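**Student:** One structure coming up, written as structure tokens, with questions to follow.
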2 protein chains.
Amino acid sequence: MSGRRQLAVVPKRRTAPAEERREQLILATIRSVADHGLADTTIATVAQAAGLSQGIVNLHFRSKDGLLTETLRYLADEYRNACEAAAAVGAVDPVAGLKAMVELDFRRTICSRDKLAVWFAFWGERRFRPTYRRICAERDRSYDDMVRVICAKLCEQGGYPDVEPALVADGLSALTDGLWLDLLVRPESMSRERAKRIALSYLADVFPRHFSQPAQVD
Amino acid sequence: MSGRRQLAVVPKRRTAPAEERREQLILATIRSVADHGLADTTIATVAQAAGLSQGIVNLHFRSKDGLLTETLRYLADEYRNACEAAAAVGAVDPVAGLKAMVELDFRRTICSRDKLAVWFAFWGERRFRPTYRRICAERDRSYDDMVRVICAKLCEQGGYPDVEPALVADGLSALTDGLWLDLLVRPESMSRERAKRIALSYLADVFPRHFSQPAQVD
DNA sequence: ATGACGACTGAATAAGCGTTCATTCATTGG
DNA sequence: CCAATGAATGAACGCTTATTCAGTCGTCAT
């Protein structure tokens, strides 16, 4: 409760450039949502997490909703940037690309519990907010397009005529989301390492000649 | 918006037995959460969906939170009851049990979009509400225990010494959750039939001698 | 038919929260 | 060192919403 690590930078100066304050507030929002949930995240909890006053949010963002939207966009951009790096690998070597994708999805910086909490909080509401919808849909599409292309290439080059790339892509995508959920709500029985192992063994089942069953890690 | 089908029973009588009213309100809550999201579900939206007055919720439930908790419990019980039926099948025949499980998870009555919306709304908050946590954890455990036991039996009887039952159970569970998410937020690209096919092809990859790849359905 | 019971109503209340804005104060250029 | 600037504050305002409760009206036993 009290000894929470510092996500936000402690400001030495009383004033700071707008861009710096905006990021500070976005990080504070992530922390507040992770600590209290989206329903109990108020302007006050965000301001407190940032160590600033209440009025600051409306000074730097149009509204509370604007702050939440920017927070979601921040996470989506972070994910898509990481995705592009993996896509570059996949363009050269499909197998390495899929491995990079799994590696990415369960990297600490991408799926920390704080960030997962925010993702799921927004997923619960995305149907009802056109803006959330758009941001999430774009992120989903980056992922799906990329995995589908890589799988198609591997099916063709690797000789898997009976494997449907679209089906595998949807399966891997769904499996990843489900593993994220487990990481968030059942950390005692699911670790990033274990999740990675499950995802890789899925790929090993689908593409047995290109992925070996990952060794059992106790 | 207007031509919404009737989930709740239209009361002919002005008064009704408590148990009937409670269920009517729970169904109205599901509908309200599915229509407006959890954040915008108020006593007023629930009462309106039920065709009753505002005061009715506090008359039949301790509080709004009590109503939400009972709604979650209602869905969890429904799921667990269906689960037990599949477990009975699995006790006799592991392969039939897993098929029953997949069939169950993507049955219209279990994963209607209304109900999925409610599940995900609560999953976003379950970390922060001990009661939600408990109800969800029990549901998860029913599922996991059952699938794990069936997988273990199939691995032993079917001759899959290298397959780890716990890993497959976690994988199937995560895959199912992820497919549910797709059904909820991307209905245009995911159908219950397609989800079922993806889940079954996962099982076919893991237990190739006991599940055949489901035929391509266009 | 009638009176008593209690299910139901909905207006009133109070608490919580987002937003505004007059004021304060650090920073910077002259 | 002194203005001028504008970033930051936080109290006040008004709106939304959960909860209460006194009154209304069906229902049912007698």
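As shown in the structure tokens, the chain order sets the letters A, B, ...; within each chain, residues go from 1, and ligands are also counted from 1 in the order they appear.
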Taking only C-alpha atoms (C1' of nucleotides) into account and nothing else, which residues of chain D lie no more than 12 Å away from chain B? Please answer as a PyMOL selection string.
**Tutor:** chain D and resi 16-21+25-27
**Student:** I need the residues from that last selection saved to file as a PDB file, in the first residue's frame (with C-alpha atoms (C1' of nucleotides)), if you can.
**Tutor:**
ATOM      1  C1'  DT D  16     -24.867  12.716 -11.142  1.00  0.00           C
ATOM      2  C1'  DT D  17     -26.287   8.911  -8.520  1.00  0.00           C
ATOM      3  C1'  DA D  18     -27.029   5.588  -4.459  1.00  0.00           C
ATOM      4  C1'  DT D  19     -29.979   5.365  -0.730  1.00  0.00           C
ATOM      5  C1'  DT D  20     -33.916   6.350   2.187  1.00  0.00           C
ATOM      6  C1'  DC D  21     -38.663   6.465   3.541  1.00  0.00           C
ATOM      7  C1'  DC D  25     -52.144   0.661  -4.017  1.00  0.00           C
ATOM      8  C1'  DG D  26     -52.580  -4.336  -5.131  1.00  0.00           C
ATOM      9  C1'  DT D  27     -53.500  -8.679  -2.821  1.00  0.00           C
TER      10       DT D  27
END
**Student:** Got a sec: who's within 8 Å of A:Val149, counting only C-alpha atoms (C1' of nucleotides), leaving out chain neighbours fewer than 4 positions off, as a VMD selection string?
**Tutor:** chain A and resid 145 153 165
**Student:** Could you give me, as CSV, every chain C residue with an atom at most 10 Å from chain A, plus its closest atom pair and distance in Å to one decimal, counting only C-alpha atoms (C1' of nucleotides), rows ordered by chain then number?
**Tutor:**
residue,atom,partner,partner_atom,distance
C:DC17,C1',A:Thr42,CA,7.5
C:DG18,C1',A:Lys64,CA,7.5
C:DT19,C1',A:Asn58,CA,7.6
C:DT20,C1',A:Gly55,CA,9.0
C:DC25,C1',A:Arg14,CA,9.4
C:DA26,C1',A:Arg14,CA,6.8
C:DT27,C1',A:Thr15,CA,8.4
**Student:** Quick one: superpose chain A onto chain B using all C-alpha atoms paired in order, least squares, and give it to me as an mmCIF file with C-alpha atoms, in the first residue's frame.
**Tutor:**
data_model
loop_
_atom_site.group_PDB
_atom_site.id
_atom_site.type_symbol
_atom_site.label_atom_id
_atom_site.label_comp_id
_atom_site.auth_asym_id
_atom_site.auth_seq_id
_atom_site.Cartn_x
_atom_site.Cartn_y
_atom_site.Cartn_z
ATOM 1 C CA MET A 1 -31.629 0.826 -29.339
ATOM 2 C CA SER A 2 -35.416 0.548 -29.118
ATOM 3 C CA GLY A 3 -36.423 -2.784 -30.592
ATOM 4 C CA ARG A 4 -34.443 -4.735 -27.993
ATOM 5 C CA ARG A 5 -35.810 -8.191 -27.366
ATOM 6 C CA GLN A 6 -37.400 -8.809 -24.003
ATOM 7 C CA LEU A 7 -35.037 -10.596 -21.656
ATOM 8 C CA ALA A 8 -37.087 -9.857 -18.577
ATOM 9 C CA VAL A 9 -40.616 -11.057 -18.100
ATOM 10 C CA VAL A 10 -43.227 -8.364 -18.396
ATOM 11 C CA PRO A 11 -45.083 -8.406 -15.110
ATOM 12 C CA LYS A 12 -48.829 -8.711 -15.440
ATOM 13 C CA ARG A 13 -49.223 -8.316 -11.710
ATOM 14 C CA ARG A 14 -48.068 -5.257 -9.899
ATOM 15 C CA THR A 15 -46.663 -7.394 -7.107
ATOM 16 C CA ALA A 16 -44.624 -10.557 -7.422
ATOM 17 C CA PRO A 17 -42.825 -13.025 -5.154
ATOM 18 C CA ALA A 18 -39.439 -11.829 -3.982
ATOM 19 C CA GLU A 19 -37.507 -14.597 -5.742
ATOM 20 C CA GLU A 20 -39.120 -13.714 -9.047
ATOM 21 C CA ARG A 21 -38.336 -10.027 -8.654
ATOM 22 C CA ARG A 22 -34.729 -10.789 -7.765
ATOM 23 C CA GLU A 23 -34.199 -12.792 -10.928
ATOM 24 C CA GLN A 24 -35.983 -10.139 -12.959
ATOM 25 C CA LEU A 25 -33.570 -7.552 -11.590
ATOM 26 C CA ILE A 26 -30.527 -9.731 -12.218
ATOM 27 C CA LEU A 27 -31.576 -10.219 -15.843
ATOM 28 C CA ALA A 28 -32.161 -6.490 -16.135
ATOM 29 C CA THR A 29 -28.657 -5.902 -14.790
ATOM 30 C CA ILE A 30 -27.131 -8.194 -17.394
ATOM 31 C CA ARG A 31 -29.002 -6.313 -20.061
ATOM 32 C CA SER A 32 -28.006 -2.941 -18.735
ATOM 33 C CA VAL A 33 -24.330 -3.862 -18.483
ATOM 34 C CA ALA A 34 -24.448 -5.310 -21.990
ATOM 35 C CA ASP A 35 -26.142 -2.191 -23.345
ATOM 36 C CA HIS A 36 -24.357 0.595 -21.485
ATOM 37 C CA GLY A 37 -21.279 -0.967 -19.892
ATOM 38 C CA LEU A 38 -20.643 -1.428 -16.201
ATOM 39 C CA ALA A 39 -19.454 2.147 -15.747
ATOM 40 C CA ASP A 40 -22.730 3.552 -17.069
ATOM 41 C CA THR A 41 -24.978 1.050 -15.358
ATOM 42 C CA THR A 42 -26.877 2.855 -12.621
ATOM 43 C CA ILE A 43 -29.785 1.954 -10.424
ATOM 44 C CA ALA A 44 -31.872 3.951 -12.853
ATOM 45 C CA THR A 45 -30.779 2.011 -15.969
ATOM 46 C CA VAL A 46 -31.403 -1.311 -14.241
ATOM 47 C CA ALA A 47 -34.805 -0.249 -12.972
ATOM 48 C CA GLN A 48 -35.727 0.999 -16.411
ATOM 49 C CA ALA A 49 -34.589 -2.251 -18.049
ATOM 50 C CA ALA A 50 -36.753 -4.128 -15.565
ATOM 51 C CA GLY A 51 -39.695 -1.791 -16.066
ATOM 52 C CA LEU A 52 -39.781 -1.014 -12.359
ATOM 53 C CA SER A 53 -39.067 1.933 -10.126
ATOM 54 C CA GLN A 54 -35.742 3.046 -8.689
ATOM 55 C CA GLY A 55 -36.442 2.039 -5.133
ATOM 56 C CA ILE A 56 -36.933 -1.590 -6.079
ATOM 57 C CA VAL A 57 -33.244 -2.487 -6.077
ATOM 58 C CA ASN A 58 -32.670 -1.479 -2.480
ATOM 59 C CA LEU A 59 -35.852 -3.259 -1.547
ATOM 60 C CA HIS A 60 -34.690 -6.628 -2.860
ATOM 61 C CA PHE A 61 -30.917 -6.304 -2.527
ATOM 62 C CA ARG A 62 -28.839 -4.810 0.210
ATOM 63 C CA SER A 63 -27.342 -2.272 -2.177
ATOM 64 C CA LYS A 64 -26.292 -1.695 -5.760
ATOM 65 C CA ASP A 65 -23.123 -3.593 -5.024
ATOM 66 C CA GLY A 66 -25.207 -6.465 -3.672
ATOM 67 C CA LEU A 67 -27.118 -6.603 -6.942
ATOM 68 C CA LEU A 68 -23.919 -6.667 -8.975
ATOM 69 C CA THR A 69 -22.462 -9.395 -6.799
ATOM 70 C CA GLU A 70 -25.601 -11.503 -7.140
ATOM 71 C CA THR A 71 -25.532 -11.002 -10.887
ATOM 72 C CA LEU A 72 -21.992 -12.301 -11.061
ATOM 73 C CA ARG A 73 -22.897 -15.223 -8.849
ATOM 74 C CA TYR A 74 -25.869 -15.983 -11.088
ATOM 75 C CA LEU A 75 -23.617 -16.287 -14.131
ATOM 76 C CA ALA A 76 -20.961 -18.233 -12.243
ATOM 77 C CA ASP A 77 -23.536 -20.731 -10.968
ATOM 78 C CA GLU A 78 -24.993 -21.141 -14.420
ATOM 79 C CA TYR A 79 -21.533 -21.870 -15.789
ATOM 80 C CA ARG A 80 -20.577 -24.277 -13.053
ATOM 81 C CA ASN A 81 -23.784 -26.233 -13.421
ATOM 82 C CA ALA A 82 -23.140 -26.644 -17.120
ATOM 83 C CA CYS A 83 -19.566 -27.619 -16.247
ATOM 84 C CA GLU A 84 -20.656 -30.420 -14.001
ATOM 85 C CA ALA A 85 -22.679 -31.965 -16.784
ATOM 86 C CA ALA A 86 -19.600 -32.004 -18.994
ATOM 87 C CA ALA A 87 -17.531 -33.390 -16.119
ATOM 88 C CA ALA A 88 -19.900 -36.335 -15.864
ATOM 89 C CA VAL A 89 -19.339 -37.081 -19.529
ATOM 90 C CA GLY A 90 -15.590 -36.748 -19.062
ATOM 91 C CA ALA A 91 -15.540 -39.209 -16.202
ATOM 92 C CA VAL A 92 -16.689 -41.886 -18.623
ATOM 93 C CA ASP A 93 -14.908 -40.834 -21.800
ATOM 94 C CA PRO A 94 -12.116 -38.214 -21.720
ATOM 95 C CA VAL A 95 -12.375 -37.378 -25.407
ATOM 96 C CA ALA A 96 -16.129 -36.883 -25.213
ATOM 97 C CA GLY A 97 -15.601 -34.842 -22.052
ATOM 98 C CA LEU A 98 -13.253 -32.379 -23.739
ATOM 99 C CA LYS A 99 -15.584 -32.119 -26.698
ATOM 100 C CA ALA A 100 -18.477 -31.463 -24.335
ATOM 101 C CA MET A 101 -16.401 -28.787 -22.653
ATOM 102 C CA VAL A 102 -15.713 -26.955 -25.904
ATOM 103 C CA GLU A 103 -19.311 -27.382 -26.944
ATOM 104 C CA LEU A 104 -20.393 -25.903 -23.623
ATOM 105 C CA ASP A 105 -18.040 -22.947 -23.714
ATOM 106 C CA PHE A 106 -19.340 -21.829 -27.063
ATOM 107 C CA ARG A 107 -22.975 -22.670 -26.574
ATOM 108 C CA ARG A 108 -25.260 -19.737 -27.255
ATOM 109 C CA THR A 109 -26.783 -19.777 -23.784
ATOM 110 C CA ILE A 110 -23.369 -19.597 -22.103
ATOM 111 C CA CYS A 111 -21.512 -17.140 -24.303
ATOM 112 C CA SER A 112 -24.164 -14.807 -25.602
ATOM 113 C CA ARG A 113 -22.728 -11.359 -26.161
ATOM 114 C CA ASP A 114 -24.780 -10.010 -23.277
ATOM 115 C CA LYS A 115 -23.242 -12.430 -20.860
ATOM 116 C CA LEU A 116 -19.744 -12.033 -22.239
ATOM 117 C CA ALA A 117 -20.036 -8.305 -21.757
ATOM 118 C CA VAL A 118 -20.847 -8.881 -18.111
ATOM 119 C CA TRP A 119 -18.024 -11.362 -17.613
ATOM 120 C CA PHE A 120 -15.422 -9.000 -18.993
ATOM 121 C CA ALA A 121 -16.816 -6.041 -17.121
ATOM 122 C CA PHE A 122 -16.380 -7.935 -13.869
ATOM 123 C CA TRP A 123 -12.990 -9.377 -14.832
ATOM 124 C CA GLY A 124 -11.725 -5.829 -15.158
ATOM 125 C CA GLU A 125 -12.691 -5.157 -11.556
ATOM 126 C CA ARG A 126 -12.197 -8.512 -9.896
ATOM 127 C CA ARG A 127 -8.730 -7.737 -8.578
ATOM 128 C CA PHE A 128 -10.139 -4.949 -6.431
ATOM 129 C CA ARG A 129 -13.279 -6.541 -4.985
ATOM 130 C CA PRO A 130 -12.708 -9.502 -2.706
ATOM 131 C CA THR A 131 -16.220 -10.793 -3.369
ATOM 132 C CA TYR A 132 -15.851 -10.742 -7.143
ATOM 133 C CA ARG A 133 -12.476 -12.352 -6.673
ATOM 134 C CA ARG A 134 -13.870 -15.233 -4.700
ATOM 135 C CA ILE A 135 -16.725 -15.943 -7.074
ATOM 136 C CA CYS A 136 -14.487 -15.830 -10.141
ATOM 137 C CA ALA A 137 -11.771 -17.901 -8.525
ATOM 138 C CA GLU A 138 -14.246 -20.642 -7.692
ATOM 139 C CA ARG A 139 -15.520 -20.709 -11.224
ATOM 140 C CA ASP A 140 -11.977 -20.853 -12.583
ATOM 141 C CA ARG A 141 -11.097 -23.695 -10.292
ATOM 142 C CA SER A 142 -14.112 -25.794 -11.320
ATOM 143 C CA TYR A 143 -13.006 -25.451 -14.899
ATOM 144 C CA ASP A 144 -9.304 -26.028 -14.371
ATOM 145 C CA ASP A 145 -9.688 -29.008 -12.076
ATOM 146 C CA MET A 146 -12.021 -30.669 -14.460
ATOM 147 C CA VAL A 147 -10.019 -30.112 -17.630
ATOM 148 C CA ARG A 148 -6.797 -31.085 -15.875
ATOM 149 C CA VAL A 149 -8.221 -34.364 -14.642
ATOM 150 C CA ILE A 150 -9.616 -35.242 -18.040
ATOM 151 C CA CYS A 151 -6.367 -34.344 -19.805
ATOM 152 C CA ALA A 152 -4.359 -36.399 -17.332
ATOM 153 C CA LYS A 153 -6.566 -39.380 -17.962
ATOM 154 C CA LEU A 154 -6.308 -38.977 -21.723
ATOM 155 C CA CYS A 155 -2.525 -38.604 -21.583
ATOM 156 C CA GLU A 156 -2.269 -41.802 -19.602
ATOM 157 C CA GLN A 157 -4.863 -43.897 -21.390
ATOM 158 C CA GLY A 158 -4.210 -42.510 -24.855
ATOM 159 C CA GLY A 159 -0.461 -42.789 -24.739
ATOM 160 C CA TYR A 160 0.810 -39.217 -24.743
ATOM 161 C CA PRO A 161 3.740 -39.440 -22.316
ATOM 162 C CA ASP A 162 5.243 -36.145 -23.461
ATOM 163 C CA VAL A 163 2.091 -34.073 -23.036
ATOM 164 C CA GLU A 164 1.797 -32.264 -19.716
ATOM 165 C CA PRO A 165 -1.847 -32.223 -18.623
ATOM 166 C CA ALA A 166 -1.496 -29.055 -16.562
ATOM 167 C CA LEU A 167 0.012 -27.197 -19.494
ATOM 168 C CA VAL A 168 -2.750 -28.269 -21.856
ATOM 169 C CA ALA A 169 -5.417 -27.389 -19.320
ATOM 170 C CA ASP A 170 -3.994 -23.912 -18.822
ATOM 171 C CA GLY A 171 -3.635 -23.524 -22.565
ATOM 172 C CA LEU A 172 -7.208 -24.545 -23.307
ATOM 173 C CA SER A 173 -8.496 -22.338 -20.541
ATOM 174 C CA ALA A 174 -6.537 -19.332 -21.794
ATOM 175 C CA LEU A 175 -7.513 -20.020 -25.394
ATOM 176 C CA THR A 176 -11.181 -20.139 -24.420
ATOM 177 C CA ASP A 177 -10.978 -16.859 -22.528
ATOM 178 C CA GLY A 178 -9.230 -15.232 -25.463
ATOM 179 C CA LEU A 179 -11.817 -16.523 -27.911
ATOM 180 C CA TRP A 180 -14.555 -15.177 -25.661
ATOM 181 C CA LEU A 181 -12.891 -11.811 -25.825
ATOM 182 C CA ASP A 182 -12.829 -11.962 -29.608
ATOM 183 C CA LEU A 183 -16.496 -12.952 -29.678
ATOM 184 C CA LEU A 184 -17.302 -9.948 -27.552
ATOM 185 C CA VAL A 185 -15.242 -7.222 -29.141
ATOM 186 C CA ARG A 186 -14.877 -8.412 -32.721
ATOM 187 C CA PRO A 187 -18.087 -10.214 -33.615
ATOM 188 C CA GLU A 188 -17.565 -9.364 -37.273
ATOM 189 C CA SER A 189 -14.494 -11.581 -37.490
ATOM 190 C CA MET A 190 -15.250 -14.197 -34.858
ATOM 191 C CA SER A 191 -18.286 -16.446 -34.578
ATOM 192 C CA ARG A 192 -19.147 -19.138 -32.076
ATOM 193 C CA GLU A 193 -18.645 -21.723 -34.801
ATOM 194 C CA ARG A 194 -15.240 -20.414 -35.717
ATOM 195 C CA ALA A 195 -14.201 -20.207 -32.075
ATOM 196 C CA LYS A 196 -15.268 -23.803 -31.547
ATOM 197 C CA ARG A 197 -13.241 -24.821 -34.565
ATOM 198 C CA ILE A 198 -10.132 -23.084 -33.250
ATOM 199 C CA ALA A 199 -10.489 -24.714 -29.846
ATOM 200 C CA LEU A 200 -11.016 -28.152 -31.363
ATOM 201 C CA SER A 201 -8.063 -27.776 -33.674
ATOM 202 C CA TYR A 202 -5.955 -26.917 -30.635
ATOM 203 C CA LEU A 203 -7.019 -30.214 -29.082
ATOM 204 C CA ALA A 204 -6.362 -31.974 -32.381
ATOM 205 C CA ASP A 205 -2.817 -30.626 -32.397
ATOM 206 C CA VAL A 206 -2.217 -31.790 -28.849
ATOM 207 C CA PHE A 207 -3.987 -35.152 -29.099
ATOM 208 C CA PRO A 208 -3.692 -35.987 -32.804
ATOM 209 C CA ARG A 209 -4.774 -39.603 -32.467
ATOM 210 C CA HIS A 210 -8.005 -38.704 -30.664
ATOM 211 C CA PHE A 211 -9.231 -35.514 -32.287
ATOM 212 C CA SER A 212 -9.396 -35.002 -36.032
ATOM 213 C CA GLN A 213 -8.924 -31.559 -37.538
ATOM 214 C CA PRO A 214 -12.434 -30.157 -37.854
ATOM 215 C CA ALA A 215 -13.433 -29.641 -41.481
ATOM 216 C CA GLN A 216 -13.183 -26.141 -42.870
ATOM 217 C CA VAL A 217 -16.501 -24.366 -42.613
ATOM 218 C CA ASP A 218 -16.760 -21.389 -44.846
#
**Student:** Among chain B, which residues does DSSP mark as alpha helix (DSSP H) when it is run on the backbone? Keep the chain and numbering as in the structure and answer as a VMD selection string.
**Tutor:** chain B and resid 18 to 36 43 to 50 56 to 60 64 to 92 94 to 105 113 to 123 130 to 158 165 to 185 192 to 206
**Student:** Would you mind exporting C-alpha atoms of the selected residues as a compact mmCIF listing (two decimals), in the first residue's frame?
**Tutor:**
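Wrote it out as part.txt, contents follow:
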# COMPACT_ATOMS: atom_id res chain seq x y z
CA ALA B 18 -39.33 -11.93 -3.97
CA GLU B 19 -37.40 -14.67 -5.75
CA GLU B 20 -39.03 -13.79 -9.06
CA ARG B 21 -38.27 -10.09 -8.66
CA ARG B 22 -34.68 -10.83 -7.78
CA GLU B 23 -34.15 -12.81 -10.95
CA GLN B 24 -35.95 -10.17 -12.97
CA LEU B 25 -33.55 -7.56 -11.61
CA ILE B 26 -30.51 -9.73 -12.24
CA LEU B 27 -31.55 -10.21 -15.87
CA ALA B 28 -32.15 -6.48 -16.16
CA THR B 29 -28.66 -5.89 -14.82
CA ILE B 30 -27.13 -8.18 -17.42
CA ARG B 31 -28.99 -6.30 -20.09
CA SER B 32 -28.00 -2.91 -18.77
CA VAL B 33 -24.32 -3.83 -18.51
CA ALA B 34 -24.44 -5.27 -22.01
CA ASP B 35 -26.14 -2.17 -23.38
CA HIS B 36 -24.35 0.63 -21.52
CA ILE B 43 -29.81 1.97 -10.44
CA ALA B 44 -31.91 3.95 -12.88
CA THR B 45 -30.80 2.03 -15.99
CA VAL B 46 -31.40 -1.30 -14.26
CA ALA B 47 -34.81 -0.25 -12.99
CA GLN B 48 -35.74 0.98 -16.43
CA ALA B 49 -34.59 -2.26 -18.06
CA ALA B 50 -36.74 -4.15 -15.59
CA ILE B 56 -36.91 -1.64 -6.12
CA VAL B 57 -33.21 -2.50 -6.12
CA ASN B 58 -32.64 -1.51 -2.52
CA LEU B 59 -35.82 -3.31 -1.59
CA HIS B 60 -34.64 -6.67 -2.90
CA LYS B 64 -26.28 -1.71 -5.80
CA ASP B 65 -23.10 -3.58 -5.05
CA GLY B 66 -25.19 -6.45 -3.69
CA LEU B 67 -27.10 -6.60 -6.96
CA LEU B 68 -23.90 -6.65 -9.00
CA THR B 69 -22.44 -9.38 -6.82
CA GLU B 70 -25.57 -11.50 -7.18
CA THR B 71 -25.52 -10.98 -10.92
CA LEU B 72 -21.97 -12.28 -11.09
CA ARG B 73 -22.87 -15.21 -8.87
CA TYR B 74 -25.85 -15.97 -11.12
CA LEU B 75 -23.59 -16.27 -14.16
CA ALA B 76 -20.95 -18.21 -12.27
CA ASP B 77 -23.52 -20.71 -11.00
CA GLU B 78 -24.98 -21.12 -14.44
CA TYR B 79 -21.53 -21.86 -15.81
CA ARG B 80 -20.59 -24.25 -13.07
CA ASN B 81 -23.80 -26.22 -13.44
CA ALA B 82 -23.15 -26.63 -17.14
CA CYS B 83 -19.59 -27.60 -16.27
CA GLU B 84 -20.69 -30.41 -14.01
CA ALA B 85 -22.71 -31.96 -16.80
CA ALA B 86 -19.62 -31.99 -19.00
CA ALA B 87 -17.56 -33.37 -16.12
CA ALA B 88 -19.95 -36.31 -15.87
CA VAL B 89 -19.38 -37.06 -19.52
CA GLY B 90 -15.63 -36.73 -19.06
CA ALA B 91 -15.61 -39.19 -16.20
CA VAL B 92 -16.74 -41.89 -18.61
CA PRO B 94 -12.17 -38.21 -21.71
CA VAL B 95 -12.41 -37.38 -25.40
CA ALA B 96 -16.17 -36.88 -25.23
CA GLY B 97 -15.64 -34.83 -22.06
CA LEU B 98 -13.28 -32.38 -23.74
CA LYS B 99 -15.61 -32.10 -26.71
CA ALA B 100 -18.50 -31.43 -24.34
CA MET B 101 -16.42 -28.77 -22.66
CA VAL B 102 -15.73 -26.94 -25.91
CA GLU B 103 -19.33 -27.35 -26.96
CA LEU B 104 -20.40 -25.88 -23.64
CA ASP B 105 -18.04 -22.91 -23.72
CA ARG B 113 -22.72 -11.32 -26.18
CA ASP B 114 -24.77 -9.97 -23.31
CA LYS B 115 -23.24 -12.39 -20.88
CA LEU B 116 -19.74 -12.00 -22.28
CA ALA B 117 -20.03 -8.26 -21.78
CA VAL B 118 -20.84 -8.85 -18.14
CA TRP B 119 -18.01 -11.34 -17.64
CA PHE B 120 -15.42 -8.96 -19.01
CA ALA B 121 -16.81 -6.00 -17.14
CA PHE B 122 -16.37 -7.90 -13.90
CA TRP B 123 -12.99 -9.34 -14.85
CA PRO B 130 -12.71 -9.50 -2.70
CA THR B 131 -16.23 -10.80 -3.38
CA TYR B 132 -15.84 -10.74 -7.16
CA ARG B 133 -12.46 -12.35 -6.68
CA ARG B 134 -13.87 -15.24 -4.70
CA ILE B 135 -16.73 -15.94 -7.08
CA CYS B 136 -14.48 -15.83 -10.15
CA ALA B 137 -11.77 -17.90 -8.51
CA GLU B 138 -14.27 -20.65 -7.69
CA ARG B 139 -15.54 -20.70 -11.24
CA ASP B 140 -11.99 -20.86 -12.58
CA ARG B 141 -11.12 -23.69 -10.28
CA SER B 142 -14.13 -25.79 -11.33
CA TYR B 143 -13.03 -25.44 -14.90
CA ASP B 144 -9.33 -26.03 -14.36
CA ASP B 145 -9.73 -29.01 -12.06
CA MET B 146 -12.08 -30.67 -14.47
CA VAL B 147 -10.06 -30.12 -17.62
CA ARG B 148 -6.85 -31.08 -15.87
CA VAL B 149 -8.28 -34.36 -14.63
CA ILE B 150 -9.67 -35.25 -18.04
CA CYS B 151 -6.41 -34.36 -19.78
CA ALA B 152 -4.43 -36.40 -17.30
CA LYS B 153 -6.64 -39.39 -17.95
CA LEU B 154 -6.36 -38.99 -21.70
CA CYS B 155 -2.58 -38.62 -21.55
CA GLU B 156 -2.35 -41.82 -19.56
CA GLN B 157 -4.93 -43.91 -21.36
CA GLY B 158 -4.26 -42.52 -24.83
CA PRO B 165 -1.90 -32.22 -18.58
CA ALA B 166 -1.55 -29.05 -16.53
CA LEU B 167 -0.05 -27.19 -19.44
CA VAL B 168 -2.79 -28.26 -21.82
CA ALA B 169 -5.48 -27.38 -19.29
CA ASP B 170 -4.05 -23.91 -18.79
CA GLY B 171 -3.67 -23.53 -22.53
CA LEU B 172 -7.24 -24.53 -23.29
CA SER B 173 -8.54 -22.31 -20.52
CA ALA B 174 -6.58 -19.31 -21.78
CA LEU B 175 -7.54 -20.00 -25.37
CA THR B 176 -11.20 -20.11 -24.42
CA ASP B 177 -11.00 -16.83 -22.52
CA GLY B 178 -9.24 -15.22 -25.44
CA LEU B 179 -11.82 -16.49 -27.90
CA TRP B 180 -14.56 -15.14 -25.67
CA LEU B 181 -12.89 -11.77 -25.81
CA ASP B 182 -12.81 -11.92 -29.60
CA LEU B 183 -16.48 -12.89 -29.70
CA LEU B 184 -17.29 -9.89 -27.57
CA VAL B 185 -15.20 -7.17 -29.14
CA ARG B 192 -19.13 -19.09 -32.10
CA GLU B 193 -18.63 -21.70 -34.82
CA ARG B 194 -15.22 -20.39 -35.73
CA ALA B 195 -14.19 -20.19 -32.09
CA LYS B 196 -15.28 -23.77 -31.57
CA ARG B 197 -13.23 -24.80 -34.56
CA ILE B 198 -10.12 -23.05 -33.25
CA ALA B 199 -10.49 -24.69 -29.84
CA LEU B 200 -11.02 -28.13 -31.36
CA SER B 201 -8.06 -27.76 -33.66
CA TYR B 202 -5.97 -26.90 -30.62
CA LEU B 203 -7.04 -30.19 -29.06
CA ALA B 204 -6.38 -31.96 -32.35
CA ASP B 205 -2.83 -30.61 -32.37
CA VAL B 206 -2.25 -31.79 -28.81
**Student:** Which of these, D:DA8, D:DC28, D:DC13, D:DG23, has the shortest distance to C:DT23 once you count only C-alpha atoms (C1' of nucleotides)?
**Tutor:** D:DA8
